[in-house]
$ cat structure05.pdb   # PDB, C-alpha atoms
ATOM      1  CA  MET A  28     224.322 142.095 180.252
ATOM      2  CA  ILE A  29     223.872 139.344 182.813
ATOM      3  CA  ASP A  30     221.866 136.368 181.591
ATOM      4  CA  ALA A  31     218.769 135.529 183.592
ATOM      5  CA  PRO A  32     219.037 132.281 185.573
ATOM      6  CA  GLY A  33     217.223 129.233 184.288
ATOM      7  CA  LYS A  34     213.847 128.272 185.706
ATOM      8  CA  LEU A  35     214.195 127.544 189.432
ATOM      9  CA  PRO A  36     212.039 125.203 191.509
ATOM     10  CA  SER A  37     209.810 126.623 194.208
ATOM     11  CA  LEU A  38     211.850 127.884 197.194
ATOM     12  CA  ASN A  39     209.276 126.384 199.579
ATOM     13  CA  ALA A  40     209.689 123.015 197.865
ATOM     14  CA  LEU A  41     213.470 123.232 198.190
ATOM     15  CA  LYS A  42     213.169 124.147 201.891
ATOM     16  CA  ALA A  43     210.847 121.186 202.453
ATOM     17  CA  PHE A  44     213.276 118.880 200.633
ATOM     18  CA  GLU A  45     216.285 120.167 202.620
ATOM     19  CA  ALA A  46     214.527 119.767 205.989
ATOM     20  CA  ALA A  47     213.234 116.301 205.091
ATOM     21  CA  ALA A  48     216.726 115.271 203.945
ATOM     22  CA  ARG A  49     218.213 116.312 207.301
ATOM     23  CA  HIS A  50     215.574 114.583 209.411
ATOM     24  CA  LEU A  51     214.776 111.746 206.987
ATOM     25  CA  ASN A  52     211.242 112.196 208.274
ATOM     26  CA  PHE A  53     208.359 114.293 206.900
ATOM     27  CA  ARG A  54     206.796 114.794 210.341
ATOM     28  CA  LEU A  55     209.961 116.226 211.916
ATOM     29  CA  ALA A  56     210.582 118.411 208.872
ATOM     30  CA  ALA A  57     207.008 119.718 209.149
ATOM     31  CA  GLU A  58     207.486 120.572 212.857
ATOM     32  CA  GLU A  59     210.647 122.516 212.030
ATOM     33  CA  LEU A  60     208.990 124.456 209.198
ATOM     34  CA  GLY A  61     205.727 125.059 211.068
ATOM     35  CA  VAL A  62     203.512 123.374 208.478
ATOM     36  CA  THR A  63     201.633 120.095 208.266
ATOM     37  CA  GLN A  64     203.250 116.767 207.447
ATOM     38  CA  GLY A  65     201.010 116.521 204.397
ATOM     39  CA  ALA A  66     202.224 119.905 203.130
ATOM     40  CA  VAL A  67     205.864 118.799 203.308
ATOM     41  CA  ALA A  68     205.110 115.516 201.544
ATOM     42  CA  GLN A  69     203.170 117.377 198.845
ATOM     43  CA  GLN A  70     206.002 119.912 198.307
ATOM     44  CA  VAL A  71     208.539 117.082 197.933
ATOM     45  CA  ARG A  72     206.279 115.161 195.515
ATOM     46  CA  GLY A  73     205.837 118.305 193.450
ATOM     47  CA  LEU A  74     209.597 118.869 193.360
ATOM     48  CA  GLU A  75     210.197 115.263 192.280
ATOM     49  CA  GLY A  76     207.595 115.659 189.551
ATOM     50  CA  GLU A  77     209.136 118.898 188.308
ATOM     51  CA  LEU A  78     212.642 117.412 188.287
ATOM     52  CA  GLY A  79     211.527 114.089 186.838
ATOM     53  CA  VAL A  80     213.542 112.112 189.411
ATOM     54  CA  LYS A  81     212.810 110.359 192.690
ATOM     55  CA  LEU A  82     214.604 112.035 195.619
ATOM     56  CA  PHE A  83     213.496 109.741 198.470
ATOM     57  CA  GLU A  84     212.723 106.104 199.059
ATOM     58  CA  ARG A  85     209.609 106.010 201.288
ATOM     59  CA  LEU A  86     210.249 103.370 203.968
ATOM     60  CA  PRO A  87     207.770 102.271 206.679
ATOM     61  CA  ARG A  88     209.111 104.575 209.444
ATOM     62  CA  THR A  89     211.693 106.753 207.750
ATOM     63  CA  LEU A  90     212.985 108.121 204.460
ATOM     64  CA  ALA A  91     216.151 107.299 202.536
ATOM     65  CA  LEU A  92     217.763 109.577 199.966
ATOM     66  CA  THR A  93     218.167 108.103 196.514
ATOM     67  CA  GLY A  94     221.437 108.547 194.639
ATOM     68  CA  GLU A  95     219.933 111.524 192.804
ATOM     69  CA  GLY A  96     218.652 112.905 196.116
ATOM     70  CA  ARG A  97     222.116 112.693 197.747
ATOM     71  CA  ALA A  98     223.747 114.524 194.836
ATOM     72  CA  TYR A  99     221.017 117.186 194.755
ATOM     73  CA  ILE A 100     220.939 117.896 198.502
ATOM     74  CA  ALA A 101     224.707 118.626 198.559
ATOM     75  CA  ASP A 102     224.279 121.432 195.997
ATOM     76  CA  ILE A 103     221.051 122.725 197.545
ATOM     77  CA  ARG A 104     222.710 123.047 200.972
ATOM     78  CA  ARG A 105     225.639 124.962 199.452
ATOM     79  CA  ALA A 106     223.162 127.256 197.700
ATOM     80  CA  PHE A 107     221.297 127.929 200.971
ATOM     81  CA  GLU A 108     224.622 128.667 202.735
ATOM     82  CA  ILE A 109     225.544 131.173 200.014
ATOM     83  CA  ILE A 110     222.152 132.874 200.364
ATOM     84  CA  ALA A 111     222.504 132.997 204.172
ATOM     85  CA  ARG A 112     226.012 134.517 203.962
ATOM     86  CA  ALA A 113     224.926 137.080 201.383
ATOM     87  CA  THR A 114     221.935 138.064 203.532
ATOM     88  CA  GLY A 115     224.065 138.301 206.665
ATOM     89  CA  ALA A 116     226.580 140.522 204.879
ATOM     90  CA  LEU A 117     223.822 143.055 204.175
ATOM     91  CA  LYS A 118     222.913 143.425 207.840
ATOM     92  CA  PRO A 119     224.700 146.141 209.853
ATOM     93  CA  GLN A 120     227.444 144.550 211.945
ATOM     94  CA  PRO A 121     227.844 145.540 215.616
ATOM     95  CA  VAL A 122     230.614 148.048 216.294
ATOM     96  CA  ARG A 123     233.074 146.463 218.737
ATOM     97  CA  LEU A 124     234.490 148.805 221.374
ATOM     98  CA  THR A 125     237.026 147.740 224.012
ATOM     99  CA  ILE A 126     237.080 149.684 227.287
ATOM    100  CA  SER A 127     240.045 149.262 229.641
ATOM    101  CA  THR A 128     239.379 149.778 233.361
ATOM    102  CA  THR A 129     240.542 148.552 236.733
ATOM    103  CA  PRO A 130     238.520 145.660 238.223
ATOM    104  CA  THR A 131     237.130 147.953 240.947
ATOM    105  CA  PHE A 132     235.957 150.596 238.472
ATOM    106  CA  ALA A 133     234.357 147.886 236.322
ATOM    107  CA  SER A 134     232.477 146.163 239.159
ATOM    108  CA  LYS A 135     231.513 149.176 241.302
ATOM    109  CA  TRP A 136     230.818 151.853 238.674
ATOM    110  CA  LEU A 137     230.642 150.684 235.062
ATOM    111  CA  ILE A 138     228.904 147.296 235.089
ATOM    112  CA  PRO A 139     225.875 148.388 237.210
ATOM    113  CA  ARG A 140     225.215 151.141 234.646
ATOM    114  CA  LEU A 141     225.690 149.083 231.473
ATOM    115  CA  PRO A 142     222.234 147.453 231.085
ATOM    116  CA  ASP A 143     220.517 150.756 230.299
ATOM    117  CA  PHE A 144     223.231 151.771 227.820
ATOM    118  CA  THR A 145     223.357 148.445 225.974
ATOM    119  CA  ALA A 146     219.551 148.369 225.751
ATOM    120  CA  ARG A 147     219.589 151.780 224.047
ATOM    121  CA  HIS A 148     222.568 150.986 221.811
ATOM    122  CA  PRO A 149     222.334 147.366 220.628
ATOM    123  CA  GLU A 150     224.533 148.277 217.643
ATOM    124  CA  LEU A 151     227.549 148.514 219.972
ATOM    125  CA  ASP A 152     229.420 145.380 221.036
ATOM    126  CA  LEU A 153     231.247 146.406 224.223
ATOM    127  CA  HIS A 154     234.209 144.468 225.589
ATOM    128  CA  ILE A 155     235.328 145.350 229.137
ATOM    129  CA  LEU A 156     239.030 144.680 229.757
ATOM    130  CA  ALA A 157     239.305 144.823 233.563
ATOM    131  CA  THR A 158     242.872 144.526 234.781
ATOM    132  CA  GLU A 159     245.266 146.228 237.182
ATOM    133  CA  ARG A 160     247.848 146.227 234.393
ATOM    134  CA  MET A 161     248.154 149.327 232.222
ATOM    135  CA  SER A 162     246.627 148.201 228.938
ATOM    136  CA  SER A 163     248.020 149.319 225.591
ATOM    137  CA  PHE A 164     245.802 151.019 223.035
ATOM    138  CA  GLN A 165     247.692 149.314 220.199
ATOM    139  CA  ALA A 166     248.837 145.936 221.556
ATOM    140  CA  ASP A 167     245.629 145.196 223.492
ATOM    141  CA  GLY A 168     243.250 146.739 220.956
ATOM    142  CA  VAL A 169     241.884 149.214 223.518
ATOM    143  CA  ASP A 170     239.621 151.981 222.196
ATOM    144  CA  LEU A 171     238.858 153.817 225.442
ATOM    145  CA  ALA A 172     240.525 153.645 228.872
ATOM    146  CA  VAL A 173     239.670 154.849 232.357
ATOM    147  CA  ARG A 174     242.914 156.058 233.925
ATOM    148  CA  TYR A 175     243.591 157.065 237.525
ATOM    149  CA  GLY A 176     246.080 159.922 237.635
ATOM    150  CA  ARG A 177     246.591 163.382 236.208
ATOM    151  CA  PRO A 178     247.109 164.378 232.571
ATOM    152  CA  PRO A 179     249.021 164.333 230.338
ATOM    153  CA  PHE A 180     248.817 160.558 229.945
ATOM    154  CA  GLY A 181     250.890 160.380 226.792
ATOM    155  CA  PRO A 182     251.352 161.922 223.356
ATOM    156  CA  GLY A 183     248.437 161.770 220.970
ATOM    157  CA  LEU A 184     245.859 160.992 223.682
ATOM    158  CA  ALA A 185     242.612 162.879 224.266
ATOM    159  CA  THR A 186     241.371 163.147 227.871
ATOM    160  CA  GLU A 187     238.172 164.077 229.675
ATOM    161  CA  LEU A 188     237.774 164.281 233.451
ATOM    162  CA  LEU A 189     235.241 161.685 234.587
ATOM    163  CA  PHE A 190     235.181 162.380 238.331
ATOM    164  CA  GLY A 191     237.506 163.364 241.151
ATOM    165  CA  GLN A 192     238.861 161.138 243.896
ATOM    166  CA  GLU A 193     236.642 161.985 246.883
ATOM    167  CA  ILE A 194     237.387 159.430 249.585
ATOM    168  CA  VAL A 195     234.788 158.647 252.264
ATOM    169  CA  ALA A 196     234.703 156.258 255.221
ATOM    170  CA  VAL A 197     231.770 153.834 255.070
ATOM    171  CA  GLY A 198     230.587 150.699 256.784
ATOM    172  CA  SER A 199     227.602 148.425 257.129
ATOM    173  CA  PRO A 200     224.525 149.667 259.057
ATOM    174  CA  MET A 201     224.729 146.487 261.164
ATOM    175  CA  LEU A 202     228.191 147.602 262.294
ATOM    176  CA  LEU A 203     227.635 151.337 262.737
ATOM    177  CA  SER A 204     223.977 151.881 263.635
ATOM    178  CA  GLY A 205     223.328 152.845 267.237
ATOM    179  CA  ARG A 206     226.934 153.808 267.941
ATOM    180  CA  PRO A 207     228.034 157.462 268.266
ATOM    181  CA  PRO A 208     230.512 158.650 265.626
ATOM    182  CA  PRO A 209     234.106 158.458 266.932
ATOM    183  CA  LYS A 210     235.627 161.800 267.881
ATOM    184  CA  THR A 211     239.226 160.723 268.444
ATOM    185  CA  SER A 212     241.597 158.238 266.864
ATOM    186  CA  ALA A 213     241.520 156.273 270.132
ATOM    187  CA  GLU A 214     237.734 155.877 269.870
ATOM    188  CA  PHE A 215     238.138 154.897 266.239
ATOM    189  CA  SER A 216     240.524 152.105 267.175
ATOM    190  CA  GLY A 217     237.557 149.979 268.221
ATOM    191  CA  TYR A 218     236.721 149.380 264.572
ATOM    192  CA  THR A 219     238.480 147.102 262.111
ATOM    193  CA  LEU A 220     239.928 149.144 259.255
ATOM    194  CA  LEU A 221     239.751 147.639 255.786
ATOM    195  CA  HIS A 222     242.755 148.579 253.654
ATOM    196  CA  ASP A 223     243.353 148.571 249.916
ATOM    197  CA  ALA A 224     246.542 149.230 247.981
ATOM    198  CA  HIS A 225     246.184 153.028 248.369
ATOM    199  CA  ASN A 226     246.054 153.016 252.216
ATOM    200  CA  PHE A 227     244.736 156.531 252.844
ATOM    201  CA  TRP A 228     243.832 155.667 256.448
ATOM    202  CA  PRO A 229     246.670 157.501 258.275
ATOM    203  CA  GLU A 230     246.003 160.729 256.358
ATOM    204  CA  PHE A 231     242.221 160.396 256.746
ATOM    205  CA  ILE A 232     242.349 159.758 260.504
ATOM    206  CA  GLU A 233     244.763 162.619 261.131
ATOM    207  CA  LYS A 234     242.615 165.032 259.105
ATOM    208  CA  HIS A 235     239.284 164.195 260.762
ATOM    209  CA  LEU A 236     240.166 162.821 264.204
ATOM    210  CA  GLY A 237     243.353 164.668 265.056
ATOM    211  CA  LYS A 238     246.914 163.530 265.428
ATOM    212  CA  LEU A 239     247.352 159.791 265.466
ATOM    213  CA  GLU A 240     247.692 158.524 268.999
ATOM    214  CA  ARG A 241     249.767 155.515 269.952
ATOM    215  CA  THR A 242     246.905 153.174 269.284
ATOM    216  CA  SER A 243     246.989 149.895 267.421
ATOM    217  CA  PHE A 244     244.317 149.620 264.743
ATOM    218  CA  LYS A 245     242.986 146.245 263.750
ATOM    219  CA  GLY A 246     243.015 145.852 259.999
ATOM    220  CA  ILE A 247     242.436 143.585 257.015
ATOM    221  CA  SER A 248     244.228 144.289 253.738
ATOM    222  CA  PHE A 249     242.922 143.637 250.213
ATOM    223  CA  SER A 250     244.692 143.926 246.875
ATOM    224  CA  GLN A 251     241.568 145.385 245.240
ATOM    225  CA  THR A 252     239.316 148.144 246.563
ATOM    226  CA  SER A 253     236.188 146.306 245.377
ATOM    227  CA  HIS A 254     236.979 143.407 247.738
ATOM    228  CA  ALA A 255     237.452 145.816 250.650
ATOM    229  CA  ILE A 256     234.070 147.405 249.820
ATOM    230  CA  GLU A 257     232.374 143.998 249.758
ATOM    231  CA  ALA A 258     233.953 143.182 253.130
ATOM    232  CA  ALA A 259     232.522 146.447 254.519
ATOM    233  CA  ILE A 260     229.048 145.573 253.172
ATOM    234  CA  ALA A 261     229.394 142.224 254.979
ATOM    235  CA  GLY A 262     230.038 144.056 258.262
ATOM    236  CA  GLN A 263     233.707 143.186 258.606
ATOM    237  CA  GLY A 264     234.924 146.742 259.143
ATOM    238  CA  ILE A 265     235.132 150.278 257.778
ATOM    239  CA  VAL A 266     236.576 151.038 254.366
ATOM    240  CA  LEU A 267     237.866 154.147 252.662
ATOM    241  CA  ALA A 268     236.546 154.268 249.106
ATOM    242  CA  ASN A 269     235.896 156.707 246.327
ATOM    243  CA  ARG A 270     232.439 158.136 246.867
ATOM    244  CA  ASP A 271     231.412 157.352 243.278
ATOM    245  CA  PHE A 272     232.232 153.666 243.843
ATOM    246  CA  VAL A 273     229.933 153.368 246.867
ATOM    247  CA  GLN A 274     227.211 155.867 245.909
ATOM    248  CA  ARG A 275     224.680 153.173 244.983
ATOM    249  CA  ASP A 276     225.467 151.188 248.114
ATOM    250  CA  LEU A 277     224.834 154.356 250.166
ATOM    251  CA  GLU A 278     221.586 155.137 248.323
ATOM    252  CA  GLU A 279     220.300 151.576 248.701
ATOM    253  CA  GLY A 280     221.281 151.261 252.374
ATOM    254  CA  ARG A 281     224.006 148.637 252.136
ATOM    255  CA  LEU A 282     226.521 151.156 253.494
ATOM    256  CA  ILE A 283     226.353 154.294 255.636
ATOM    257  CA  ARG A 284     228.917 156.990 256.380
ATOM    258  CA  ALA A 285     231.131 156.277 259.390
ATOM    259  CA  LEU A 286     232.319 159.907 259.443
ATOM    260  CA  GLU A 287     230.955 162.904 257.574
ATOM    261  CA  GLY A 288     234.338 164.169 256.397
ATOM    262  CA  SER A 289     236.043 163.257 253.161
ATOM    263  CA  LEU A 290     239.524 163.333 251.705
ATOM    264  CA  PHE A 291     240.455 164.404 248.203
ATOM    265  CA  GLY A 292     243.078 162.130 246.728
ATOM    266  CA  PRO A 293     246.138 163.104 244.713
ATOM    267  CA  SER A 294     244.691 161.750 241.435
ATOM    268  CA  ASP A 295     241.381 161.726 239.608
ATOM    269  CA  PHE A 296     239.613 159.451 237.108
ATOM    270  CA  TYR A 297     239.930 160.355 233.439
ATOM    271  CA  LEU A 298     238.657 158.957 230.166
ATOM    272  CA  VAL A 299     241.560 158.554 227.748
ATOM    273  CA  TRP A 300     241.567 157.549 224.065
ATOM    274  CA  PRO A 301     243.777 157.972 220.975
ATOM    275  CA  ARG A 302     243.150 161.381 219.469
ATOM    276  CA  TYR A 303     243.502 160.059 215.913
ATOM    277  CA  ARG A 304     240.531 157.681 216.245
ATOM    278  CA  ASN A 305     237.583 159.626 214.876
ATOM    279  CA  SER A 306     234.891 157.281 216.125
ATOM    280  CA  GLY A 307     231.259 158.077 216.681
ATOM    281  CA  ALA A 308     231.058 155.049 218.995
ATOM    282  CA  ILE A 309     233.831 156.412 221.246
ATOM    283  CA  ASP A 310     232.162 159.845 221.299
ATOM    284  CA  MET A 311     228.858 158.207 222.279
ATOM    285  CA  VAL A 312     230.368 156.181 225.153
ATOM    286  CA  VAL A 313     232.394 159.151 226.433
ATOM    287  CA  ALA A 314     229.294 161.389 226.476
ATOM    288  CA  TRP A 315     227.255 158.695 228.243
ATOM    289  CA  MET A 316     229.905 158.023 230.922
ATOM    290  CA  ILE A 317     230.344 161.732 231.660
ATOM    291  CA  ALA A 318     226.563 162.197 231.915
ATOM    292  CA  GLU A 319     226.388 159.233 234.330
ATOM    293  CA  ALA A 320     229.188 160.708 236.463
ATOM    294  CA  HIS A 321     227.311 164.024 236.700
ATOM    295  CA  ARG A 322     224.063 162.384 237.784
ATOM    296  CA  ARG A 323     225.253 162.144 241.411
TER     297      ARG A 323
END

$ encode --input "structure05.pdb" --output "structure tokens"
Amino acid sequence: MIDAPGKLPSLNALKAFEAAARHLNFRLAAEELGVTQGAVAQQVRGLEGELGVKLFERLPRTLALTGEGRAYIADIRRAFEIIARATGALKPQPVRLTISTTPTFASKWLIPRLPDFTARHPELDLHILATERMSSFQADGVDLAVRYGRPPFGPGLATELLFGQEIVAVGSPMLLSGRPPPKTSAEFSGYTLLHDAHNFWPEFIEKHLGKLERTSFKGISFSQTSHAIEAAIAGQGIVLANRDFVQRDLEEGRLIRALEGSLFGPSDFYLVWPRYRNSGAIDMVVAWMIAEAHRR
């Protein structure tokens, strides 16, 4: 049987004493606690009377802890810290989930959709690891990855198709409005082509405008597709991009289609995660991302 603790002073009195000891001022302690200065002074006087010792020297403009007060406040603060830790330990802790993506996927698809998800699931602490490097599930602590390719991605990995690689040619309305769509590669050569690391332009032009003619195309190259898309929004040229990456820009009028045709790439976008991780948080994020991909 656990013995009951000895008689404890009033918790409100101890809180008033602790605040006054930090500020060495009843008025500032009262402002912190949301009570009157007189209430703090009265709580401290009552505590001193109950303990039978003087905790403060009352000076003209401030307070000074007595020797007994200094010894007492050290233990009281440790007691409050123990109570705070014990209370915090009872509260549900956020579930941390690391998602590995490319920078373009993060900026053009995932991040614009996150506010609604995080508002509905505050219990999840999401960490977005955006890098061109292939992240490791073990070494980098990745729980869920977005991979561009075709399965299988490795032993012990579960996969779900997120969306296919449908490539479209888009540009800014300020660049394309009022001009007829090009019908030949020669007509298309009047535009600056914005390239990324994939460089689907030769295949796209040949498919939709016929065999490439001996025409020099002006171009600007970017290491990341997201930068090429931003350059297109700024009116610097036409970019080839996955339709899902530019869908919002098309809907909101920042980009328009330069040609109606599209090109289906050799790889698609998949969600990949370790099969052995039975995690409700992973299941929730996977279901949400797939539902978002199907909204188009």

$ residues_around --input "structure05.pdb" --residues "Ala56 in chain A" --least-positions-apart "5" --cutoff "12 Å" --atoms "all atoms listed in the file" --output "PDB file with C-alpha atoms, keeping the file's coordinate frame"
ATOM      1  CA  ALA A  40     209.689 123.015 197.865  1.00  0.00           C
ATOM      2  CA  LYS A  42     213.169 124.147 201.891  1.00  0.00           C
ATOM      3  CA  ALA A  43     210.847 121.186 202.453  1.00  0.00           C
ATOM      4  CA  PHE A  44     213.276 118.880 200.633  1.00  0.00           C
ATOM      5  CA  GLU A  45     216.285 120.167 202.620  1.00  0.00           C
ATOM      6  CA  ALA A  46     214.527 119.767 205.989  1.00  0.00           C
ATOM      7  CA  ALA A  47     213.234 116.301 205.091  1.00  0.00           C
ATOM      8  CA  ALA A  48     216.726 115.271 203.945  1.00  0.00           C
ATOM      9  CA  ARG A  49     218.213 116.312 207.301  1.00  0.00           C
ATOM     10  CA  HIS A  50     215.574 114.583 209.411  1.00  0.00           C
ATOM     11  CA  LEU A  51     214.776 111.746 206.987  1.00  0.00           C
ATOM     12  CA  GLY A  61     205.727 125.059 211.068  1.00  0.00           C
ATOM     13  CA  VAL A  62     203.512 123.374 208.478  1.00  0.00           C
ATOM     14  CA  THR A  63     201.633 120.095 208.266  1.00  0.00           C
ATOM     15  CA  GLN A  64     203.250 116.767 207.447  1.00  0.00           C
ATOM     16  CA  GLY A  65     201.010 116.521 204.397  1.00  0.00           C
ATOM     17  CA  ALA A  66     202.224 119.905 203.130  1.00  0.00           C
ATOM     18  CA  VAL A  67     205.864 118.799 203.308  1.00  0.00           C
ATOM     19  CA  ALA A  68     205.110 115.516 201.544  1.00  0.00           C
ATOM     20  CA  GLN A  70     206.002 119.912 198.307  1.00  0.00           C
ATOM     21  CA  VAL A  71     208.539 117.082 197.933  1.00  0.00           C
ATOM     22  CA  THR A  89     211.693 106.753 207.750  1.00  0.00           C
ATOM     23  CA  LEU A  90     212.985 108.121 204.460  1.00  0.00           C
TER      24      LEU A  90
END

$ resolve_selection --input "structure05.pdb" --expression "the PyMOL selection byres ((chain A and resi 173-179) around 8)" --output "PyMOL selection string"
chain A and resi 126-129+171-172+180-182+186+293-299

$ residues_near_point --input "structure05.pdb" --point "(210.0, 109.7, 199.0)" --cutoff "9 Å" --atoms "only C-alpha atoms" --output "list in words"
Ala68, Val71, Arg72, Glu75, Lys81, Leu82, Phe83, Glu84, Arg85, Leu86, Leu90, Ala91, Leu92 and Thr93 of chain A

$ closest_residue --input "structure05.pdb" --among "A:Leu220, A:Ile109, A:Ala57, A:Leu267" --to "Ser289 in chain A" --atoms "all atoms listed in the file"
A:Leu267

$ closest_residue --input "structure05.pdb" --among "A:Val273, A:Ala320, A:Leu78, A:Leu41" --to "Ser134 in chain A" --atoms "only C-alpha atoms"
A:Val273

$ atom_distance --input "structure05.pdb" --atom1 "CA of Pro207 in chain A" --atom2 "CA of His222 in chain A"
22.6 Å

$ residues_around --input "structure05.pdb" --residues "His225 in chain A" --least-positions-apart "2" --cutoff "10 Å" --atoms "only C-alpha atoms" --output "list in words"
His222, Asp223, Phe227, Trp228, Ser250, Gln251, Thr252, Leu267, Ala268 and Gly292 of chain A

$ resolve_selection --input "structure05.pdb" --expression "the PyMOL selection byres ((chain A and resi 278-281) around 12)" --output "list in words"
Val197, Gly198, Ser199, Pro200, Met201, Leu202, Leu203, Ser204, Ile256, Glu257, Ala258, Ala259, Ile260, Ala261, Gly262, Arg270, Asp271, Phe272, Val273, Gln274, Arg275, Asp276, Leu277, Leu282, Ile283, Arg284 and Arg323 of chain A

$ closest_residue --input "structure05.pdb" --among "A:Ile232, A:Leu188, A:Ala116, A:Ile138" --to "Ile317 in chain A" --atoms "only C-alpha atoms"
A:Leu188

$ residues_near_point --input "structure05.pdb" --point "(246.1, 164.9, 256.6)" --cutoff "12 Å" --atoms "all atoms listed in the file" --output "list in words"
Phe227, Trp228, Pro229, Glu230, Phe231, Ile232, Glu233, Lys234, His235, Leu236, Gly237, Lys238, Leu239, Gly288, Ser289, Leu290, Phe291 and Gly292 of chain A
